[in-house]
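Pasted below: data-v6.txt, compact mmCIF, C-alpha atoms.
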```txt
# COMPACT_ATOMS: atom_id res chain seq x y z
CA MET G 581 -78.30 -11.82 26.47
CA ILE G 582 -76.31 -8.78 25.29
CA ARG G 583 -74.08 -8.92 28.38
CA TYR G 584 -73.18 -12.54 27.54
CA GLN G 585 -72.50 -11.65 23.91
CA ALA G 586 -70.35 -8.62 24.73
CA PHE G 587 -68.29 -10.63 27.26
CA HIS G 588 -67.44 -13.22 24.63
CA LEU G 589 -66.09 -10.56 22.24
CA VAL G 590 -62.86 -10.87 24.23
CA SER G 591 -62.40 -14.42 22.92
CA LEU G 592 -62.27 -13.07 19.37
CA PHE G 593 -58.78 -11.76 19.92
CA THR G 594 -57.34 -15.23 19.38
CA TYR G 595 -57.91 -14.62 15.66
CA GLN G 596 -55.41 -16.09 13.24
CA PRO G 597 -55.39 -13.92 10.09
CA LEU G 598 -55.87 -15.64 6.77
CA ARG G 599 -54.11 -12.92 4.78
CA GLY G 600 -50.54 -13.53 5.90
CA GLY G 601 -50.43 -11.41 9.05
CA ALA G 602 -52.68 -8.56 7.86
CA PRO G 603 -54.89 -7.00 10.56
CA MET G 604 -58.51 -8.06 10.87
CA ASN G 605 -60.89 -5.70 9.09
CA GLN G 606 -64.47 -4.85 10.07
CA SER G 607 -66.17 -7.40 7.81
CA GLU G 608 -63.93 -10.20 9.14
CA LEU G 609 -64.75 -9.16 12.71
CA ILE G 610 -68.49 -9.18 11.93
CA GLU G 611 -68.17 -12.64 10.39
CA LYS G 612 -66.18 -13.96 13.36
CA VAL G 613 -68.72 -12.60 15.88
CA ALA G 614 -71.61 -14.08 13.90
CA GLU G 615 -69.88 -17.46 13.82
CA GLU G 616 -68.95 -17.37 17.52
CA LEU G 617 -72.44 -16.40 18.71
CA GLY G 618 -74.46 -18.38 16.16
CA MET G 619 -76.26 -15.36 14.70
CA SER G 620 -76.62 -13.85 11.26
CA LYS G 621 -74.02 -11.45 9.91
CA THR G 622 -76.65 -8.69 9.92
CA GLN G 623 -77.35 -9.18 13.61
CA SER G 624 -73.64 -9.32 14.31
CA GLN G 625 -73.07 -6.10 12.39
CA ARG G 626 -75.86 -4.36 14.31
CA LEU G 627 -74.41 -5.62 17.63
CA LEU G 628 -70.90 -4.38 16.87
CA LYS G 629 -72.03 -1.04 15.47
CA ALA G 630 -74.27 -0.43 18.49
CA THR G 631 -71.41 -1.34 20.85
CA PHE G 632 -68.92 0.97 19.12
CA ARG G 633 -71.50 3.76 18.84
CA GLU G 634 -72.23 3.57 22.59
CA ILE G 635 -68.49 3.60 23.44
CA ARG G 636 -68.03 6.63 21.17
CA ASN G 637 -71.02 8.46 22.72
CA LEU G 638 -69.80 7.82 26.27
CA LEU G 639 -66.30 9.06 25.40
CA ARG G 640 -67.80 12.23 23.87
CA GLU G 641 -69.59 12.88 27.18
CA GLY G 642 -66.32 12.44 29.08
CA HIS G 643 -66.99 8.98 30.58
CA SER G 644 -64.59 6.05 30.48
CA VAL G 645 -65.60 2.57 29.35
CA THR G 646 -64.02 -0.52 30.90
CA ILE G 647 -64.40 -3.94 29.31
CA PRO G 648 -63.15 -6.65 31.69
CA HIS G 649 -60.06 -8.54 30.48
CA LEU G 650 -59.74 -6.20 27.48
CA GLY G 651 -59.06 -2.69 28.74
CA THR G 652 -60.36 0.82 29.30
CA PHE G 653 -61.34 3.41 26.72
CA ASP G 654 -60.90 6.92 28.12
CA THR G 655 -60.02 10.45 27.06
CA ALA G 656 -56.97 12.58 27.75
CA THR G 657 -57.05 16.37 27.70
CA TYR G 658 -54.05 18.31 26.45
CA ASP G 659 -53.70 22.00 27.29
CA ALA G 660 -52.95 24.59 24.64
CA HIS G 661 -49.24 24.73 23.95
CA ARG G 662 -46.65 26.26 21.69
CA GLY G 663 -45.16 23.92 19.13
CA TYR G 664 -42.82 23.92 16.16
CA LEU G 665 -44.05 23.48 12.58
CA PRO G 666 -41.09 22.16 10.54
CA VAL G 667 -42.86 22.72 7.20
CA SER G 668 -43.10 26.48 7.68
CA ASP G 669 -40.12 26.74 10.07
CA ASN G 670 -42.33 28.67 12.51
CA PHE G 671 -43.86 28.19 15.91
CA ALA G 672 -47.61 27.96 16.44
CA ILE G 673 -50.08 27.74 19.31
CA PHE G 674 -51.87 24.40 19.35
CA PRO G 675 -55.34 24.62 20.94
CA LYS G 676 -56.54 22.66 23.95
CA ARG G 677 -57.85 19.27 22.81
CA ARG G 678 -59.28 16.01 24.05
CA VAL G 679 -58.20 12.74 22.45
CA PRO G 680 -59.29 9.12 22.95
CA VAL G 681 -56.89 6.76 24.70
CA PHE G 682 -56.93 3.02 25.39
CA ARG G 683 -55.25 1.24 28.30
CA THR G 684 -54.98 -2.53 28.05
CA GLY G 685 -56.34 -4.77 30.77
CA THR G 686 -54.06 -7.06 32.74
CA LEU G 687 -55.27 -10.29 31.14
CA LEU G 688 -54.88 -8.99 27.58
CA ARG G 689 -51.47 -7.53 28.38
CA GLU G 690 -50.23 -10.80 29.88
CA GLU G 691 -51.51 -12.87 26.94
CA VAL G 692 -49.99 -10.57 24.32
CA TYR G 693 -46.65 -10.11 26.09
CA ASP G 694 -46.24 -13.83 26.82
CA ILE G 695 -43.23 -14.55 24.60
CA ASP G 696 -41.18 -17.70 25.06
CA SER G 697 -37.56 -16.89 25.82
CA ASP G 698 -34.49 -18.85 26.72
CA GLU G 699 -32.60 -18.50 30.01
CA ALA G 700 -30.53 -15.56 28.70
CA GLY G 701 -33.70 -13.60 27.94
CA GLU G 702 -33.37 -13.91 24.18
CA THR G 703 -36.61 -14.60 22.29
CA THR G 704 -36.79 -17.97 20.61
```
I'd like the structure from this file rewritten - as C-alpha cells, please.
Amino acid sequence: MIRYQAFHLVSLFTYQPLRGGAPMNQSELIEKVAEELGMSKTQSQRLLKATFREIRNLLREGHSVTIPHLGTFDTATYDAHRGYLPVSDNFAIFPKRRVPVFRTGTLLREEVYDIDSDEAGETT
C-alpha cells in the first residue's frame, strides 16, 4: 500500500497554486496528498514526514535515494579549500563538507522544460 501511495506523490507536481504563483507549502502538500489518496490529513502528514525522515536518514548514512520519474537525492563531498571572505577582506580555509544534492529525473525534466516556442525558437 505504501509503495502505491509513494508512487502517486509524483502526480502532485501538477499543482496549480492558489496564491498567485507562490510555492506550495507543507500544509498545502499534506492537504493535496490527503485529497489524492483519500485519507485524513493526519495520516497524510505522518506519511510525508516518515518519507522525508527516511530520505534524510539514508542521505546521512551516505546512500542515494531514487524516486522514479522524479529524481535522485544524493550527497556531494567537497574537499577543504582556501576561499576569500569579502567581509573581512581575508582568506580562510573552509573545511571538508558533505552537502545534499538533487538530480531531476528524465520525465520530470521533460515535463518542466516543455515550453511552447515558435519556429525561430522564441517562447510564446
Nearest to Gly642 (chain G) by atom-to-atom distance, counting all atoms listed in the file, from G:Thr657, G:Asn605, G:Ser668, G:Gln625
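Smallest distance to Gly642 (chain G) is found for G:Thr657.
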Quick one: residues within 12 Å of Leu628 (chain G), all atoms listed in the file, excluding same-chain residues fewer than 2 positions away - as a VMD selection string?
chain G and resid 582 585 to 586 589 606 to 614 621 to 626 630 to 635
Contacts of Gly663 (chain G) at 8 Å (all atoms listed in the file; same-chain gap of 3+ positions) as a list of chain:residue names
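Near Gly663 (chain G), the qualifying residues are G:Phe671, G:Ala672, G:Ile673, G:Phe674.
Atom pair CA of Leu639 (chain G) / CA of Leu617 (chain G): separated by 27.0 Å.
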Taken to one decimal, the CA of Val645 (chain G)-CA of Glu691 (chain G) distance is 21.0 Å
Suppose you want the space between CA of Pro603 (chain G) and CA of Arg678 (chain G); what is it in Å?
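Pair CA of Pro603 (chain G) / CA of Arg678 (chain G) returns 27.0 Å.
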Rank nothing, just name the residue among G:Asp669, G:Glu690, G:Pro680, G:His661 nearest to Leu638 (chain G), using only C-alpha atoms.
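Of G:Asp669, G:Glu690, G:Pro680, G:His661, the one nearest Leu638 (chain G), counting only C-alpha atoms, is G:Pro680.
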Start from the incomplete input, build N, CA and C atoms for region 607-640 of chain G, and deliver everything as a compact mmCIF listing (two decimals), keeping the file's coordinate frame.
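Output contents, as saved in rebuild-v1.txt:
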```
# COMPACT_ATOMS: atom_id res chain seq x y z
N SER G 607 -65.32 -6.32 8.32
CA SER G 607 -66.17 -7.40 7.81
C SER G 607 -65.72 -8.76 8.36
N GLU G 608 -64.42 -8.95 8.55
CA GLU G 608 -63.93 -10.20 9.14
C GLU G 608 -64.34 -10.29 10.61
N LEU G 609 -64.31 -9.18 11.32
CA LEU G 609 -64.75 -9.16 12.71
C LEU G 609 -66.24 -9.48 12.81
N ILE G 610 -67.05 -8.90 11.95
CA ILE G 610 -68.49 -9.18 11.93
C ILE G 610 -68.73 -10.65 11.67
N GLU G 611 -68.02 -11.22 10.71
CA GLU G 611 -68.17 -12.64 10.39
C GLU G 611 -67.77 -13.53 11.56
N LYS G 612 -66.67 -13.18 12.22
CA LYS G 612 -66.18 -13.96 13.36
C LYS G 612 -67.17 -13.90 14.53
N VAL G 613 -67.74 -12.73 14.81
CA VAL G 613 -68.72 -12.60 15.88
C VAL G 613 -69.96 -13.40 15.56
N ALA G 614 -70.42 -13.33 14.32
CA ALA G 614 -71.61 -14.08 13.90
C ALA G 614 -71.38 -15.58 14.07
N GLU G 615 -70.22 -16.05 13.69
CA GLU G 615 -69.88 -17.46 13.82
C GLU G 615 -69.80 -17.88 15.29
N GLU G 616 -69.15 -17.06 16.10
CA GLU G 616 -68.95 -17.37 17.52
C GLU G 616 -70.27 -17.43 18.28
N LEU G 617 -71.19 -16.50 17.96
CA LEU G 617 -72.44 -16.40 18.71
C LEU G 617 -73.61 -17.09 18.03
N GLY G 618 -73.40 -17.66 16.86
CA GLY G 618 -74.46 -18.38 16.16
C GLY G 618 -75.60 -17.46 15.72
N MET G 619 -75.25 -16.31 15.17
CA MET G 619 -76.26 -15.36 14.70
C MET G 619 -75.93 -14.97 13.27
N SER G 620 -76.85 -14.27 12.64
CA SER G 620 -76.62 -13.85 11.26
C SER G 620 -75.58 -12.73 11.23
N LYS G 621 -75.01 -12.52 10.06
CA LYS G 621 -74.02 -11.45 9.91
C LYS G 621 -74.68 -10.09 10.11
N THR G 622 -75.94 -9.95 9.73
CA THR G 622 -76.65 -8.69 9.92
C THR G 622 -76.83 -8.38 11.39
N GLN G 623 -77.21 -9.37 12.17
CA GLN G 623 -77.35 -9.18 13.61
C GLN G 623 -76.00 -8.86 14.24
N SER G 624 -74.98 -9.55 13.80
CA SER G 624 -73.64 -9.32 14.31
C SER G 624 -73.18 -7.90 14.00
N GLN G 625 -73.44 -7.45 12.79
CA GLN G 625 -73.07 -6.10 12.39
C GLN G 625 -73.80 -5.07 13.25
N ARG G 626 -75.09 -5.29 13.48
CA ARG G 626 -75.86 -4.36 14.31
C ARG G 626 -75.33 -4.34 15.75
N LEU G 627 -74.96 -5.53 16.27
CA LEU G 627 -74.41 -5.62 17.63
C LEU G 627 -73.11 -4.84 17.76
N LEU G 628 -72.19 -5.06 16.82
CA LEU G 628 -70.90 -4.38 16.87
C LEU G 628 -71.03 -2.88 16.67
N LYS G 629 -71.86 -2.47 15.71
CA LYS G 629 -72.03 -1.04 15.47
C LYS G 629 -72.67 -0.35 16.67
N ALA G 630 -73.64 -1.01 17.30
CA ALA G 630 -74.27 -0.43 18.49
C ALA G 630 -73.27 -0.33 19.64
N THR G 631 -72.43 -1.35 19.80
CA THR G 631 -71.41 -1.34 20.85
C THR G 631 -70.42 -0.20 20.63
N PHE G 632 -69.89 -0.08 19.42
CA PHE G 632 -68.92 0.97 19.12
C PHE G 632 -69.55 2.35 19.21
N ARG G 633 -70.80 2.48 18.77
CA ARG G 633 -71.50 3.76 18.84
C ARG G 633 -71.67 4.19 20.30
N GLU G 634 -72.04 3.24 21.17
CA GLU G 634 -72.23 3.57 22.59
C GLU G 634 -70.90 3.95 23.24
N ILE G 635 -69.82 3.25 22.91
CA ILE G 635 -68.49 3.60 23.44
C ILE G 635 -68.13 5.01 22.99
N ARG G 636 -68.34 5.31 21.72
CA ARG G 636 -68.03 6.63 21.17
C ARG G 636 -68.86 7.72 21.86
N ASN G 637 -70.16 7.48 22.07
CA ASN G 637 -71.02 8.46 22.72
C ASN G 637 -70.59 8.72 24.16
N LEU G 638 -70.24 7.65 24.88
CA LEU G 638 -69.80 7.82 26.27
C LEU G 638 -68.48 8.59 26.34
N LEU G 639 -67.57 8.32 25.42
CA LEU G 639 -66.30 9.06 25.40
C LEU G 639 -66.53 10.54 25.10
N ARG G 640 -67.47 10.84 24.18
CA ARG G 640 -67.80 12.23 23.87
C ARG G 640 -68.30 12.98 25.09
```
